[in-house]
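Q: Got a structure for you, written out below as structure tokens; questions coming shortly.
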Amino acid sequence: MFSQIVSALKIPPGRERITNQEALRFTYDYWRQRVIFSMIVGYAIFYFCRKNIAFSNPLIREDLDISATSLGLILTAHSVIYGFSKFFSGILADRSNARYFMAIGLFFSALMNIGFGFSSGVLFFAVFWIANGIFQGSGVPPCSRMLTMWFSKRESGTYWGIWNASHQLGGAGISLLASYLVATGYGWRSTFFVPAFIAIATAAFLVWRLRDRPTSLGLPPIKEYEQIRGYKSASDEQTSAAPSSTAESTSNGSVPASEEEELSTWQLLRQEVLNKPVIWMVCLANFFVYIVRIGFLDWGTTYLNESGLEKETWGIIVAVFEITGLLGALLAGYLSDRRADQRGLVAVISMLLLTAALVVFWQLPSADPYIAGMYFGVIGLFVYGPQLLVAVVAAQAAPRAAGTAVGLTGLVGYAGASVCSVVTGVLLDYLGIDAVILFYLLSAALGAISFLASLKMERAA
């Protein structure tokens with residue numbers, strides 16, 4: 001079985017090129033839409049197997065008399081492992097068949113959820129949930145790779161924004177499913193079993209519907225296809241497809257061996273990722289973006305409680321944060337495509353507006369649920385766009401190692417999330433909620449400065 005998995009993960013060879021222009025256009029457009037839809041479904045279900053624990057947490061503690069500290073340590077370990085897994089999965093995904101890489105990761109994540117659901121002790125909870133963090137890290141990197149292979153720089157902001165909707169769809173979907181399972185008396189274990197079975201079916205769906213790259217179907221790489229469609233922008237010539245994909249066909253129409261395979265893993269990592277300052281700068285920006293985003297996701301209800309709002313309003317207000325975040329990501333992606341060489345400018349403006357919104361939030365607190373909902377909505381609108389653009393800029397800066405570059409930004413982002421959790425807790429205990437909001441405000445301002453620096457690097461490149 002292991003050898004079969006290794007074989008499936010190899011980058012697929014190119015097929016004989018389709019020469020009929022009408023058939024080529026139809027086939028290319030069909031597969032682009034098929035791949036983007038399948039990635040949205042697939043990553044949304046990754047959320048089903050990661051965010052389900054938020055709804056079972058209090059029930060587990062009540063049913064098994066497990067302390068909040070024990071579960072908290074398990075969740076912290078899961079987050080740390082998940083962050084590292086995103087980075088190392090990125091390195092593997094850049095040298096693997098993204099179609100199988102994503103499906104296999106989801107399948108094993110489902111198995112870890114089943115194991116967790118059957119467990120009744122802290123040790124087994126820790127083993128299965130930390131292992132789940134490893135497999136959850138295989139969700140984003142293959143999507144980053146396929147987005148880079150199937151969509152050009154000219155349109156990538158829009159399509160990354162569309163794919164990014166999977167985060168909100170997955171979060172909303174598991175919220176509804178888990179709430180239903182708990183409310184109807186199926187118990188906390190069902191919140192792991194049901195998502196796991198859905199994930200197993202989805203893994204099979206991904207194998208059926210996804211394809212790693214256009215050349216595996218006899219289609220030209222995206223740069224060539226853009227030229228066929230009449231787009232010959234110079235910026236597109238430095239985009240998504242690896243040099244391997246743009247190589248001229250051999251006499252029988254097949255594509256030569258990938259240049260990715262000619263470079264060692266270390267060479268690819270060093271040349272495409274580690275030696276590019278713009279990637280490190282957007283990583284730093286992502287560190288600050290995650291402080292604000294995770295702060296409002298994980299500690300937003302604490303603010304609402306401190307403000308005296310009824311518990312019944314908390315879920316709706318946090319949902320507003322996610323919904324406007326979806327709109328913000330789509331809008332940021334669309335606007336950034338107007339000037340693909342200045343995506344950082346959209347991120348800078350978003351972070352400055354986020355900083356201004358946090359100043360108002362800090363200085364004019366309100367116990368009115370409508371005003372609080374408006375505050376959360378505005379902050380969600382401006383925080384999710386920069387989060388999306390971090391990934392787009394990183395992937396385009398390292399077209400041959402997009403999964404690795406995006407994985408690195410994710411690793412640094414989760415470092416920011418960890419710092420957020422620790423600092424927010426300390427500030428709440430010793431200085432109160434106002435100090436927490438000020439911490440988020442300063443983080444947003446530093447994020448704007450980081451994006452501004454990355455913008456200058458983009459222009460200089």
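A note on labels: chains of the structure tokens are A, B, ... as shown, every chain counts residues from 1, and ligands are counted from 1 in their shown order.
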Residues near stretch 405-419 of chain A, anyone? I mean within 9 Å using only C-alpha atoms, not counting same-chain ones fewer than 4 positions away, as JSON, numbers by chain.
A: {"A": [76, 79, 80, 82, 83, 84, 85, 86, 87, 88, 89, 90, 91, 137, 140, 141, 144, 269, 272, 273, 274, 279, 280, 282, 283, 284, 285, 286, 287, 288, 289, 290, 291, 292, 293, 294, 295, 390, 391, 392, 393, 394, 395, 397, 398, 399, 401, 423, 424]}
Q: Selection from above, N, CA and C atoms, as a short mmCIF file (atom, residue, chain, number, x, y, z; two decimals), in the first residue's frame, can you write it?
A:
data_model
loop_
_atom_site.label_atom_id
_atom_site.label_comp_id
_atom_site.auth_asym_id
_atom_site.auth_seq_id
_atom_site.Cartn_x
_atom_site.Cartn_y
_atom_site.Cartn_z
N THR A 76 -3.27 23.61 21.66
CA THR A 76 -2.06 24.39 21.38
C THR A 76 -1.05 23.55 20.62
N SER A 79 -2.10 23.19 17.04
CA SER A 79 -1.86 24.39 16.23
C SER A 79 -0.39 24.50 15.83
N VAL A 80 0.50 24.21 16.77
CA VAL A 80 1.94 24.28 16.47
C VAL A 80 2.31 23.26 15.40
N TYR A 82 0.32 21.86 13.27
CA TYR A 82 -0.36 22.23 12.02
C TYR A 82 0.45 23.28 11.26
N GLY A 83 0.98 24.27 11.98
CA GLY A 83 1.78 25.30 11.33
C GLY A 83 3.02 24.74 10.67
N PHE A 84 3.75 23.88 11.38
CA PHE A 84 4.95 23.26 10.81
C PHE A 84 4.58 22.33 9.65
N SER A 85 3.46 21.63 9.80
CA SER A 85 3.04 20.71 8.74
C SER A 85 2.73 21.45 7.44
N LYS A 86 2.13 22.64 7.55
CA LYS A 86 1.84 23.42 6.33
C LYS A 86 3.13 23.74 5.58
N PHE A 87 4.17 24.07 6.32
CA PHE A 87 5.44 24.40 5.68
C PHE A 87 6.07 23.17 5.02
N PHE A 88 6.21 22.09 5.77
CA PHE A 88 6.86 20.90 5.22
C PHE A 88 5.98 20.22 4.17
N SER A 89 4.67 20.32 4.32
CA SER A 89 3.77 19.80 3.27
C SER A 89 3.93 20.61 1.99
N GLY A 90 4.22 21.90 2.14
CA GLY A 90 4.46 22.73 0.96
C GLY A 90 5.67 22.25 0.18
N ILE A 91 6.74 21.89 0.91
CA ILE A 91 7.94 21.37 0.24
C ILE A 91 7.61 20.09 -0.50
N GLY A 137 -2.26 19.81 7.61
CA GLY A 137 -1.31 20.68 6.92
C GLY A 137 -1.19 20.40 5.44
N VAL A 140 -3.75 23.20 2.32
CA VAL A 140 -3.47 24.43 1.59
C VAL A 140 -2.38 24.28 0.52
N PRO A 141 -1.23 23.64 0.81
CA PRO A 141 -0.14 23.60 -0.19
C PRO A 141 -0.53 23.05 -1.56
N SER A 144 -2.47 25.67 -3.36
CA SER A 144 -1.59 26.74 -3.83
C SER A 144 -0.92 26.35 -5.13
N LEU A 269 14.19 25.02 -2.60
CA LEU A 269 13.82 25.80 -1.42
C LEU A 269 14.65 27.07 -1.32
N GLU A 272 14.06 29.48 -4.74
CA GLU A 272 12.71 30.00 -4.95
C GLU A 272 12.10 30.68 -3.73
N VAL A 273 12.54 30.30 -2.54
CA VAL A 273 11.86 30.79 -1.33
C VAL A 273 12.80 31.55 -0.40
N LEU A 274 13.81 30.88 0.12
CA LEU A 274 14.62 31.46 1.19
C LEU A 274 15.42 32.67 0.75
N ILE A 279 9.26 37.42 0.07
CA ILE A 279 8.53 36.34 0.74
C ILE A 279 8.66 36.49 2.26
N TRP A 280 9.86 36.80 2.73
CA TRP A 280 10.05 36.99 4.16
C TRP A 280 9.26 38.19 4.67
N VAL A 282 6.35 39.39 3.41
CA VAL A 282 4.92 39.08 3.52
C VAL A 282 4.68 38.06 4.64
N CYS A 283 5.68 37.24 4.95
CA CYS A 283 5.57 36.37 6.13
C CYS A 283 5.42 37.21 7.39
N LEU A 284 6.25 38.25 7.50
CA LEU A 284 6.16 39.15 8.65
C LEU A 284 4.80 39.84 8.70
N ALA A 285 4.32 40.27 7.54
CA ALA A 285 3.00 40.89 7.48
C ALA A 285 1.93 39.91 7.94
N ASN A 286 2.05 38.65 7.52
CA ASN A 286 1.07 37.64 7.91
C ASN A 286 1.08 37.38 9.41
N PHE A 287 2.25 37.49 10.02
CA PHE A 287 2.37 37.37 11.48
C PHE A 287 1.43 38.35 12.17
N PHE A 288 1.42 39.60 11.71
CA PHE A 288 0.58 40.63 12.33
C PHE A 288 -0.88 40.48 11.93
N VAL A 289 -1.13 40.05 10.68
CA VAL A 289 -2.52 39.82 10.25
C VAL A 289 -3.17 38.75 11.12
N TYR A 290 -2.43 37.67 11.40
CA TYR A 290 -2.98 36.58 12.20
C TYR A 290 -3.24 36.99 13.64
N ILE A 291 -2.46 37.92 14.16
CA ILE A 291 -2.73 38.39 15.52
C ILE A 291 -4.13 39.00 15.59
N VAL A 292 -4.46 39.83 14.61
CA VAL A 292 -5.78 40.48 14.61
C VAL A 292 -6.88 39.47 14.30
N ARG A 293 -6.66 38.64 13.26
CA ARG A 293 -7.70 37.68 12.85
C ARG A 293 -8.01 36.68 13.95
N ILE A 294 -6.98 36.01 14.48
CA ILE A 294 -7.20 35.02 15.51
C ILE A 294 -7.67 35.67 16.80
N GLY A 295 -7.21 36.90 17.04
CA GLY A 295 -7.68 37.61 18.22
C GLY A 295 -9.19 37.76 18.23
N VAL A 390 -1.40 37.79 1.02
CA VAL A 390 -0.12 37.21 1.47
C VAL A 390 0.19 35.96 0.65
N ALA A 391 -0.79 35.08 0.53
CA ALA A 391 -0.59 33.83 -0.20
C ALA A 391 -0.36 34.08 -1.68
N VAL A 392 -1.12 35.00 -2.27
CA VAL A 392 -0.98 35.28 -3.70
C VAL A 392 0.41 35.83 -4.00
N VAL A 393 0.86 36.81 -3.22
CA VAL A 393 2.18 37.41 -3.45
C VAL A 393 3.27 36.37 -3.27
N ALA A 394 3.17 35.54 -2.24
CA ALA A 394 4.20 34.53 -1.98
C ALA A 394 4.26 33.51 -3.12
N ALA A 395 3.10 33.06 -3.58
CA ALA A 395 3.07 32.06 -4.65
C ALA A 395 3.63 32.61 -5.95
N ALA A 397 5.81 35.04 -6.21
CA ALA A 397 7.24 35.30 -6.05
C ALA A 397 8.06 34.03 -6.21
N ALA A 398 7.42 32.88 -5.97
CA ALA A 398 8.12 31.59 -6.07
C ALA A 398 7.28 30.62 -6.90
N PRO A 399 7.14 30.86 -8.21
CA PRO A 399 6.23 30.06 -9.03
C PRO A 399 6.56 28.57 -9.06
N ALA A 401 7.85 26.91 -6.58
CA ALA A 401 7.74 26.37 -5.22
C ALA A 401 6.60 27.06 -4.49
N VAL A 423 -0.29 36.57 24.58
CA VAL A 423 -0.29 37.99 24.95
C VAL A 423 -1.70 38.45 25.32
N THR A 424 -2.70 38.00 24.56
CA THR A 424 -4.07 38.40 24.87
C THR A 424 -4.48 37.93 26.26
#
Q: List as CSV every residue of stretch 67-111 of chain A that is in contact with stretch 46-56 of chain A, defined as an atom at most 9 Å from one of its atoms (using only C-alpha atoms), together with the nearest atom pair and the distance in Å rounded to one decimal, sorted by chain and then rising number.
A:
residue,atom,partner,partner_atom,distance
A:Leu106,CA,A:Phe46,CA,6.4
A:Ser109,CA,A:Cys49,CA,6.8
A:Ala110,CA,A:Cys49,CA,6.6
Q: Give me the residues near A:Gly115 as number ranges by chain, where near means some atom within 10 Å (using only C-alpha atoms) and where sequence neighbours in that chain fewer than 6 positions away do not count.
A: A: 109, 124-125, 127-129, 132, 192-193, 196
Q: Can you spit out the residues from that selection as a CSV table (one decimal), in the first residue's frame, using C-alpha atoms?
A:
chain,number,residue,atom,x,y,z
A,109,SER,CA,-7.3,13.4,8.7
A,124,PHE,CA,-5.4,9.2,23.1
A,125,PHE,CA,-7.0,12.6,22.5
A,127,VAL,CA,-2.2,11.4,20.0
A,128,PHE,CA,-5.1,11.6,17.5
A,129,TRP,CA,-5.5,15.4,17.5
A,132,ASN,CA,-4.6,15.3,12.8
A,192,PHE,CA,-16.1,13.6,14.8
A,193,PHE,CA,-17.6,10.5,13.2
A,196,ALA,CA,-14.9,11.9,9.1
Q: Find the residue from A:Ala372, A:Met102, A:Leu331, A:Leu345 that sits nearest to A:Leu309; use only C-alpha atoms when measuring.
A: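 Selected residue with least distance to A:Leu309: A:Ala372.
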Q: I'd like the neighbourhood of A:Glu310 as a list in words, where a residue qualifies if any of its atoms comes within 10 Å (using only C-alpha atoms), though same-chain residues fewer than 6 positions away should be ignored.
A: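 Counting only C-alpha atoms, the residues come to Leu304, Ala367, Asp368 and Pro369 of chain A.
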Q: One decimal, in Å: what's the spacing between atom CA of A:Gly171 and atom CA of A:Gly328?
A: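 Atom-to-atom, atom CA of A:Gly171 and atom CA of A:Gly328 are spaced 16.2 Å apart.
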Q: As a list in words, please: the residues near A:Phe107 (cut-off 7 Å, only C-alpha atoms, same-chain neighbours under 2 positions excluded).
A: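 Contacts, in chain order: Ala103, Ile104, Gly105, Ser109, Ala110, Leu111, Ala199, Ile200 and Ala203 of chain A.
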Q: At a cut-off of 6 Å, using only C-alpha atoms, what residues contact stretch 444-459 of chain A? Leave out same-chain residues fewer than 6 positions from it and give the result as a compact mmCIF listing (two decimals) with C-alpha atoms, in the first residue's frame.
A:
# COMPACT_ATOMS: atom_id res chain seq x y z
CA VAL A 278 9.65 39.76 -0.53
CA MET A 281 8.42 40.41 4.29
CA ALA A 285 3.00 40.89 7.48
CA PHE A 288 0.58 40.63 12.33
CA GLY A 344 0.81 44.88 -1.92
CA VAL A 348 -1.48 48.28 2.56
CA MET A 351 -4.41 47.31 6.75
CA THR A 355 -6.04 50.19 11.83
Q: Check stretch 48-116 of chain A with DSSP on the backbone and list each residue it calls helix (DSSP H, G or I), as a VMD selection string.
A: chain A and resid 48 53 to 64 68 to 93 98 to 116
Q: How many Å separate atom CA of A:Ala357 from atom CA of A:Gly173?
A: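 So the answer is 28.6 Å.
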Q: Taking into account only C-alpha atoms, which residue in the set A:Val359, A:Leu177, A:Thr202, A:Trp314 is nearest to A:Phe108?
A: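 Distance minimum relative to A:Phe108 lands on A:Thr202.
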Q: One decimal, in Å: what's the spacing between atom CA of A:Ile222 and atom CA of A:Phe151?
A: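 Going from atom CA of A:Ile222 over to atom CA of A:Phe151 covers 6.4 Å.
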